[in-house]
Every structure is written in C-alpha cells, then in structure tokens.
Amino acid sequence: MYVVPMASEQTTLTVPGPHGEREMRISSPSRVIWPEPGITKLDLARYITDVGEAFIAANGGRPVALQRFSGSIEGEMFFSKNPPKGAPEFIRSTPVVFPSARSHPMLILDEPAAAVWAVQMNTIVFHPWPSRADNTDNPDQLRIDLDPQPGTDFDDAVPAALALKEVLAEAGLECFIKTSGNRGLHVYAPVEPTREFLDVRHAVIAAARELERRMPDKVTTAWWKEERGQRVFVDFNQANRDRTIAGAYSPRPLAHAPVSCPITWDELERVDPKDFTILTVPDRLKTAGDPWADMHSKPGTIDTLLGWWDRDLKSGLGELPFPPDYPKMPGEPPRVQPSRARKQD
C-alpha cells in the first residue's frame, strides 16, 4: 500500500524591515529548541523579529558566523562561516581574509528578515565580526571579554568591568557593556576603523595588563588555565581576526534560553544575567529602550592604548600567545603549557 507523504509542517512569519514587510517561511515551527522552557523554533523566529531593529543595529553590516544546531540545543552543533546555500536574493555576502591568508565569503545581515532566515537555517547564536563589510580588515569595535574562571562568577566580573571602564576612559574611550548570556561580561568601545586586527589586539592587551595591575588578585591575563587561579580572565585573544563573541541580543544555547543583553552601566551592579531571556528581552527593549542605540556616534582611537603597549614592550612585557590554530606569530612566546615546559627542562 502506497502512503502519500505528509507535507512537512511549516508556517510563514511577517517580518518588518527597511524595505517593507517580508514573508519568511519557517519549517518545523513547533520543534522545541529549548526543552526546559519549551521554546520552539517559531518562538525563536518571533523573538528575532521582535528585537529586529536593535539586533541589526548591533550586528548588521558585519561578517557574521552562524552557530547552527541540529534539533534542539542538545543536538549536534556546527559553525557556518560560508553563507548557507539557498539564501534569499536580498541577503548578501562579502569576501573576508582569514588568519590562514585564505579568503572566502561570509554572510552579512542587513535587515531583520535576514536574521529570521538564519533561524530558519537552525541558527541559535550569531557571531558578528568587530569590523564592517566595507572595511573588514580594520575593526570599528574594541571588544574585551571578561570570563570568570572556576571559583568565580558573574559577581566577580562586575567590579572588573567597572575598573575596566575607568581604564578605557583614561585611554580616551567611551565603552558599552552587555551580559555574555552566561557568567561573563563583554565590554565594547567604538573606535575609528583605521587600525588592523593586530593593532587592536595589542590595544586590548595593553588595557588588560593595566587592569591586571590594578586588580592583581581579581583579574588575570594568563593564557594557560593552570595559571589563572580563581580570577576573572581578560580574554585578549577574542580581539584576533576571525575570533568572535556572541552578538548583542543573540540567544545562547543554555537551558533557560538566555540572551547576551546590552545593559547600562548604572544597572550593572543590580542585574541578574539569568533574567535576560528570549521571553523577557523584547518587553525590556520596548520599555527601557536600547542601551547601545548611540554606540557609534562618537568613536575614539586606540592611539593611547598603543602607547601603553609600546611602554610595556620597553619594560620587557612582550607578545602573548595566539590561538592554537593560528600560524606562529612574530614575537610570540612558545605555545607550551608551563607545567609541560618545566618537565621538558
């Protein structure tokens, strides 16, 4: 007996944008992405639609990598850097040079409907570059990831972020902050896109070292985990080419469906990052507005930070390790875990 296959479940979502409304197809809309709160694929697409304007203001116009999942957040995960096949005609891409010196295209999100299409392609986390599509080699954002290590938590990252704000202000930079969506904090400073990635990395290292001097028992720049202790790690390697962190308003694949959420400096000491979820952030945006709305109105420069970098070089503080998949870089120390190096000696 021949059974006629059932049509796959699908629906259509109306997504407003700069070019009018677009009708975006969502297949398997009832698929549960976050089992604990029961949030579905359609719920995720609606979330992106609801926060669309702020989401695109923060992440649009930049090369973006998609963190995609098969099924729920408990399923297989992979990163998609090449634009997925079958993209609508209104979605563009741009060539990007990677650390290997190879170049290939990456997706650019110019409107909310493009991000909804990425959700249709099973994207949960969006990872935008700190540079824009028209100038991919020169970041216009200095990003610093404050990552609490085992034995520390979000409450330990808060004073580190406040001290970092003072450090960056002394370097002439205004900075903005968001929750990571987990235990950490992300600090961003808009900068003029006149310096390439290695310069921005050195600026981040200079700021991180200055913060470490002021909070040596609370903050560390130690790349090797065995040397970090119970401190907040300033992850300088997130400033490298092809290294990204979850974008503003991007969901995270954790049980309670958290969002990496921009906040104001005034509310930093009283917020609980667990409160920012797919279910709560749209209403927050409607009532409180977007704390990052004016981020790029007054970009600064990294000149002062690079002066600090040169000062530290003269005092004997050199380059720090690069990610393991990077080619060996000039001035880089040996990529040998300290405990192994001691055994070899």
# chains A, B, ... in the order shown; residues from 1 in each chain; ligands from 1
>>> residues_around(residues="Gly316 of chain A", least_positions_apart="6", cutoff="12 Å", atoms="only C-alpha atoms", output="MDAnalysis selection string")
chainID A and resid 309:310 331
>>> select_by_dssp(residues="segment 34-254 of chain A", states="strand (DSSP E)", output="ChimeraX atom specification")
/A:34,39-40,63-69,77-80,92-97,103-108,123-128,141-148,176-179,185-190,219-220,232-235
>>> closest_residue(among="A:Glu74, A:Ala114, A:Gly86, A:Arg228", to="Arg22 of chain A", atoms="only C-alpha atoms")
A:Ala114
>>> closest_residue(among="A:Gly75, A:Pro83, A:Pro112, A:Pro37", to="Val15 of chain A", atoms="only C-alpha atoms")
A:Pro112
>>> select_by_dssp(residues="segment 27-101 of chain A", states="helix (DSSP H, G or I)", output="list in words")
Lys41, Leu42, Asp43, Leu44, Ala45, Arg46, Tyr47, Ile48, Thr49, Asp50, Gly52, Glu53, Ala54, Phe55, Ile56, Ala57, Ala58 and Asn59 of chain A
>>> write_last_selection(atoms="C-alpha atoms", output="short mmCIF file (atom, residue, chain, number, x, y, z; two decimals), in the first residue's frame")
data_model
loop_
_atom_site.label_atom_id
_atom_site.label_comp_id
_atom_site.auth_asym_id
_atom_site.auth_seq_id
_atom_site.Cartn_x
_atom_site.Cartn_y
_atom_site.Cartn_z
CA LYS A 41 11.78 27.35 16.53
CA LEU A 42 8.83 29.65 15.78
CA ASP A 43 9.26 31.31 19.19
CA LEU A 44 12.90 31.98 18.31
CA ALA A 45 11.96 33.46 14.93
CA ARG A 46 9.37 35.68 16.63
CA TYR A 47 11.97 36.79 19.16
CA ILE A 48 14.37 37.85 16.40
CA THR A 49 11.51 39.71 14.71
CA ASP A 50 10.57 41.48 17.96
CA GLY A 52 14.97 43.03 14.97
CA GLU A 53 15.80 46.73 14.82
CA ALA A 54 18.18 46.65 17.80
CA PHE A 55 19.61 43.30 16.68
CA ILE A 56 20.51 44.63 13.24
CA ALA A 57 21.84 47.91 14.67
CA ALA A 58 24.29 45.87 16.76
CA ASN A 59 25.14 43.02 14.38
#
>>> residues_around(residues="Cys261 of chain A", least_positions_apart="6", cutoff="12 Å", atoms="only C-alpha atoms", output="PyMOL selection string")
chain A and resi 51+54-55+58+176-182+184-187+246-252+268+271-278+280-282+284-285+289-292
>>> residues_around(residues="Ala255 of chain A", least_positions_apart="2", cutoff="9 Å", atoms="only C-alpha atoms", output="PyMOL selection string")
chain A and resi 34-37+73+252-253+257-258
>>> write_last_selection(atoms="N, CA, C and O atoms", output="PDB file, in the first residue's frame")
ATOM      1  N   TRP A  34      14.570  24.841  23.040  1.00  0.00           N
ATOM      2  CA  TRP A  34      14.971  24.844  24.463  1.00  0.00           C
ATOM      3  C   TRP A  34      13.971  24.001  25.235  1.00  0.00           C
ATOM      4  O   TRP A  34      12.871  24.467  25.569  1.00  0.00           O
ATOM      5  N   PRO A  35      14.301  22.746  25.536  1.00  0.00           N
ATOM      6  CA  PRO A  35      13.331  21.838  26.168  1.00  0.00           C
ATOM      7  C   PRO A  35      12.810  22.323  27.523  1.00  0.00           C
ATOM      8  O   PRO A  35      11.617  22.176  27.815  1.00  0.00           O
ATOM      9  N   GLU A  36      13.675  22.903  28.341  1.00  0.00           N
ATOM     10  CA  GLU A  36      13.254  23.250  29.700  1.00  0.00           C
ATOM     11  C   GLU A  36      12.110  24.260  29.709  1.00  0.00           C
ATOM     12  O   GLU A  36      11.069  24.015  30.331  1.00  0.00           O
ATOM     13  N   PRO A  37      12.232  25.410  29.014  1.00  0.00           N
ATOM     14  CA  PRO A  37      11.092  26.342  28.972  1.00  0.00           C
ATOM     15  C   PRO A  37      10.116  26.048  27.833  1.00  0.00           C
ATOM     16  O   PRO A  37       9.099  26.724  27.698  1.00  0.00           O
ATOM     17  N   ILE A  73      18.954  22.537  21.457  1.00  0.00           N
ATOM     18  CA  ILE A  73      20.281  22.936  21.933  1.00  0.00           C
ATOM     19  C   ILE A  73      21.095  21.733  22.393  1.00  0.00           C
ATOM     20  O   ILE A  73      22.313  21.850  22.574  1.00  0.00           O
ATOM     21  N   ARG A 252      21.594  32.287  23.495  1.00  0.00           N
ATOM     22  CA  ARG A 252      22.663  31.359  23.834  1.00  0.00           C
ATOM     23  C   ARG A 252      22.075  29.968  24.048  1.00  0.00           C
ATOM     24  O   ARG A 252      20.939  29.840  24.528  1.00  0.00           O
ATOM     25  N   PRO A 253      22.830  28.907  23.748  1.00  0.00           N
ATOM     26  CA  PRO A 253      22.298  27.544  23.843  1.00  0.00           C
ATOM     27  C   PRO A 253      22.414  26.963  25.255  1.00  0.00           C
ATOM     28  O   PRO A 253      23.003  25.902  25.469  1.00  0.00           O
ATOM     29  N   ALA A 257      17.385  29.542  28.022  1.00  0.00           N
ATOM     30  CA  ALA A 257      17.264  30.399  26.830  1.00  0.00           C
ATOM     31  C   ALA A 257      17.700  31.826  27.100  1.00  0.00           C
ATOM     32  O   ALA A 257      16.968  32.778  26.808  1.00  0.00           O
ATOM     33  N   PRO A 258      18.925  32.015  27.605  1.00  0.00           N
ATOM     34  CA  PRO A 258      19.389  33.379  27.888  1.00  0.00           C
ATOM     35  C   PRO A 258      19.773  34.126  26.624  1.00  0.00           C
ATOM     36  O   PRO A 258      19.970  33.532  25.559  1.00  0.00           O
TER      37      PRO A 258
END
>>> residues_around(residues="Asp325 of chain A", least_positions_apart="3", cutoff="12 Å", atoms="only C-alpha atoms", output="ChimeraX atom specification")
/A:98-100,237,240-243,321-322,328-329,335
>>> write_last_selection(atoms="N, CA and C atoms", output="PDB file, in the first residue's frame")
ATOM      1  N   PHE A  98      41.067  35.351   6.195  1.00  0.00           N
ATOM      2  CA  PHE A  98      41.197  34.634   7.456  1.00  0.00           C
ATOM      3  C   PHE A  98      42.668  34.528   7.873  1.00  0.00           C
ATOM      4  N   PRO A  99      42.945  34.085   9.095  1.00  0.00           N
ATOM      5  CA  PRO A  99      44.338  34.008   9.563  1.00  0.00           C
ATOM      6  C   PRO A  99      45.241  33.167   8.670  1.00  0.00           C
ATOM      7  N   SER A 100      44.666  32.204   7.966  1.00  0.00           N
ATOM      8  CA  SER A 100      45.445  31.364   7.049  1.00  0.00           C
ATOM      9  C   SER A 100      45.846  32.112   5.783  1.00  0.00           C
ATOM     10  N   ASN A 237      42.514  37.179  23.323  1.00  0.00           N
ATOM     11  CA  ASN A 237      42.512  36.530  22.015  1.00  0.00           C
ATOM     12  C   ASN A 237      41.186  36.665  21.279  1.00  0.00           C
ATOM     13  N   ASN A 240      41.363  38.869  18.057  1.00  0.00           N
ATOM     14  CA  ASN A 240      42.051  38.446  16.835  1.00  0.00           C
ATOM     15  C   ASN A 240      41.096  38.354  15.647  1.00  0.00           C
ATOM     16  N   ARG A 241      41.683  38.398  14.474  1.00  0.00           N
ATOM     17  CA  ARG A 241      40.928  38.158  13.236  1.00  0.00           C
ATOM     18  C   ARG A 241      40.245  36.788  13.317  1.00  0.00           C
ATOM     19  N   ASP A 242      38.991  36.736  12.918  1.00  0.00           N
ATOM     20  CA  ASP A 242      38.200  35.506  12.909  1.00  0.00           C
ATOM     21  C   ASP A 242      37.929  34.971  14.319  1.00  0.00           C
ATOM     22  N   ARG A 243      38.017  35.818  15.332  1.00  0.00           N
ATOM     23  CA  ARG A 243      37.602  35.430  16.679  1.00  0.00           C
ATOM     24  C   ARG A 243      36.426  36.317  17.054  1.00  0.00           C
ATOM     25  N   PRO A 321      50.486  34.604  23.885  1.00  0.00           N
ATOM     26  CA  PRO A 321      50.161  33.507  22.960  1.00  0.00           C
ATOM     27  C   PRO A 321      48.934  33.793  22.104  1.00  0.00           C
ATOM     28  N   PHE A 322      48.973  33.263  20.894  1.00  0.00           N
ATOM     29  CA  PHE A 322      47.848  33.335  19.982  1.00  0.00           C
ATOM     30  C   PHE A 322      47.041  32.033  20.074  1.00  0.00           C
ATOM     31  N   LYS A 328      52.375  30.562  13.597  1.00  0.00           N
ATOM     32  CA  LYS A 328      53.296  31.162  14.564  1.00  0.00           C
ATOM     33  C   LYS A 328      53.460  32.641  14.234  1.00  0.00           C
ATOM     34  N   MET A 329      53.273  33.492  15.260  1.00  0.00           N
ATOM     35  CA  MET A 329      53.268  34.932  15.030  1.00  0.00           C
ATOM     36  C   MET A 329      54.557  35.566  15.546  1.00  0.00           C
ATOM     37  N   ARG A 335      54.334  28.062  22.473  1.00  0.00           N
ATOM     38  CA  ARG A 335      52.998  27.558  22.807  1.00  0.00           C
ATOM     39  C   ARG A 335      53.127  26.244  23.559  1.00  0.00           C
TER      40      ARG A 335
END
>>> residues_around(residues="Glu319 of chain A", least_positions_apart="3", cutoff="9 Å", atoms="only C-alpha atoms", output="list in words")
His202, Ile205, Leu313, Phe322, Pro330, Gly331, Glu332 and Pro333 of chain A
